[in-house]
Amino acid sequence: QSSLGNKFIAFVEFKRSLGRKYPKVEGILRKLDRFLATHYPETTELSLAVLEHWLAEESYMSPLTTRHQLGFIRQFCLYHRRFNPSVFVPDKKNASSIWPHNVPRFLPHIYSKEEIRKLLHTAQHLPITRKSPHRAKTSYMVLLLLYATGMRISEVAALRISDVDWTEGTLLIRETKFKKSRLIPLNEEVIDCLDRKSTRLNS
């Protein structure tokens, strides 16, 4: 909708041509595009003032989210600068006013076996609703696969029953990062559990 809309599209298409899906970045650029169309319909370039205004409108975002979104916008500006050397590229030196400071670091948590047991037990006893009658079984299966395989949550969500090879004990992960597919082996206990749960879901 904005004067930069076609450039946003070209940037996302370029990244996808490299094998990246970029759904989150597309969402961020769509949001920025709507903001520009509303407040700066004539602008053809991003500037520090424009980004300050945009972030003021998005003040509900956490510092970590703000940093991530600015990082993607910076990538767009770097791409755009290939065609126009004068394009403003926000970084921590020339745009320190918009980059969040003291962003808390993400600390990974390694779950113990007892914590995993509790998570799976809780998942099995989640209350069901009319809109989600299989909530408990589905949540249990998702947590089990995440723990047993190390798959990404998006990969688990995209699985189909036909992706399971019950004889070989493998999962087919279709066209994930960089549009590559791969097979993941499963042990017998996980296969048996998936078989029981899927049978109940289909019954």
# chains A, B, ... in the order shown; residues from 1 in each chain; ligands from 1
$ residues_around --residues "Leu48 of chain A" --least-positions-apart "6" --cutoff "9 Å" --atoms "only C-alpha atoms" --output "ChimeraX atom specification"
/A:88-90,94-95,97-98
$ residues_around --residues "segment 186-194 of chain A" --least-positions-apart "6" --cutoff "9 Å" --atoms "only C-alpha atoms" --output "VMD selection string"
chain A and resid 141 144 to 145 148 to 149 164 166 168 to 171
$ closest_residue --among "A:Ser2, A:Thr66, A:Arg30, A:Glu13" --to "Glu52 of chain A" --atoms "only C-alpha atoms"
A:Thr66
$ residues_around --residues "Gln124 of chain A" --least-positions-apart "4" --cutoff "7 Å" --atoms "only C-alpha atoms" --output "ChimeraX atom specification"
/A:120,136-137,140
$ residues_around --residues "Leu78 of chain A" --least-positions-apart "4" --cutoff "10 Å" --atoms "only C-alpha atoms" --output "list in words"
Phe72, Ile73, Arg74, Arg82, Phe83, Asn84, Pro85, Val87, Phe88, Val89 and Pro90 of chain A
$ select_by_dssp --residues "segment 51-119 of chain A" --states "alpha helix (DSSP H)" --output "ChimeraX atom specification"
/A:51-57,63-81,113-119
$ select_by_dssp --residues "chain A" --states "strand (DSSP E or B)" --output "list in words"
Val164, Asp165, Thr170, Leu171, Leu172, Ile173, Arg182, Leu183, Ile184 and Pro185 of chain A
$ atom_distance --atom1 "atom CA of Leu36 of chain A" --atom2 "atom CA of Glu57 of chain A"
11.7 Å
$ closest_residue --among "A:Lys118, A:Lys7, A:Arg105, A:Lys21" --to "Ser154 of chain A" --atoms "only C-alpha atoms"
A:Lys21
$ decode --residues "segment 44-89 of chain A" --atoms "C-alpha atoms" --output "JSON list (two decimals), in the first residue's frame"
[["chain", "number", "residue", "atom", "x", "y", "z"],
["A", 44, "THR", "CA", 10.14, 6.67, -0.72],
["A", 45, "GLU", "CA", 12.83, 5.96, 1.87],
["A", 46, "LEU", "CA", 13.00, 5.03, 5.52],
["A", 47, "SER", "CA", 14.63, 7.49, 7.88],
["A", 48, "LEU", "CA", 15.50, 7.67, 11.55],
["A", 49, "ALA", "CA", 12.52, 9.97, 12.21],
["A", 50, "VAL", "CA", 10.12, 7.60, 10.45],
["A", 51, "LEU", "CA", 11.41, 4.58, 12.38],
["A", 52, "GLU", "CA", 11.23, 6.49, 15.67],
["A", 53, "HIS", "CA", 7.58, 7.29, 14.95],
["A", 54, "TRP", "CA", 6.82, 3.70, 13.98],
["A", 55, "LEU", "CA", 8.40, 2.28, 17.14],
["A", 56, "ALA", "CA", 6.50, 4.82, 19.23],
["A", 57, "GLU", "CA", 3.29, 3.37, 17.73],
["A", 58, "GLU", "CA", 4.58, -0.14, 18.57],
["A", 59, "SER", "CA", 5.62, 0.73, 22.14],
["A", 60, "TYR", "CA", 3.95, -2.42, 23.51],
["A", 61, "MET", "CA", 6.74, -4.57, 22.06],
["A", 62, "SER", "CA", 9.38, -5.99, 24.37],
["A", 63, "PRO", "CA", 13.02, -4.87, 23.92],
["A", 64, "LEU", "CA", 13.90, -8.28, 22.48],
["A", 65, "THR", "CA", 11.09, -8.15, 19.92],
["A", 66, "THR", "CA", 12.04, -4.60, 18.98],
["A", 67, "ARG", "CA", 15.63, -5.64, 18.39],
["A", 68, "HIS", "CA", 14.57, -8.56, 16.22],
["A", 69, "GLN", "CA", 12.27, -6.40, 14.11],
["A", 70, "LEU", "CA", 14.88, -3.68, 13.69],
["A", 71, "GLY", "CA", 17.32, -6.36, 12.61],
["A", 72, "PHE", "CA", 15.00, -7.45, 9.79],
["A", 73, "ILE", "CA", 14.36, -3.86, 8.75],
["A", 74, "ARG", "CA", 18.11, -3.29, 8.67],
["A", 75, "GLN", "CA", 18.45, -6.29, 6.35],
["A", 76, "PHE", "CA", 15.86, -4.73, 4.06],
["A", 77, "CYS", "CA", 17.75, -1.43, 4.05],
["A", 78, "LEU", "CA", 21.04, -3.18, 3.27],
["A", 79, "TYR", "CA", 19.33, -4.95, 0.36],
["A", 80, "HIS", "CA", 17.82, -1.68, -0.87],
["A", 81, "ARG", "CA", 21.19, 0.07, -0.63],
["A", 82, "ARG", "CA", 22.50, -2.19, -3.39],
["A", 83, "PHE", "CA", 20.38, -0.16, -5.79],
["A", 84, "ASN", "CA", 20.69, 3.21, -4.05],
["A", 85, "PRO", "CA", 23.92, 3.90, -2.11],
["A", 86, "SER", "CA", 22.30, 6.79, -0.22],
["A", 87, "VAL", "CA", 19.72, 4.59, 1.54],
["A", 88, "PHE", "CA", 19.66, 5.01, 5.31],
["A", 89, "VAL", "CA", 20.67, 1.82, 7.14]]
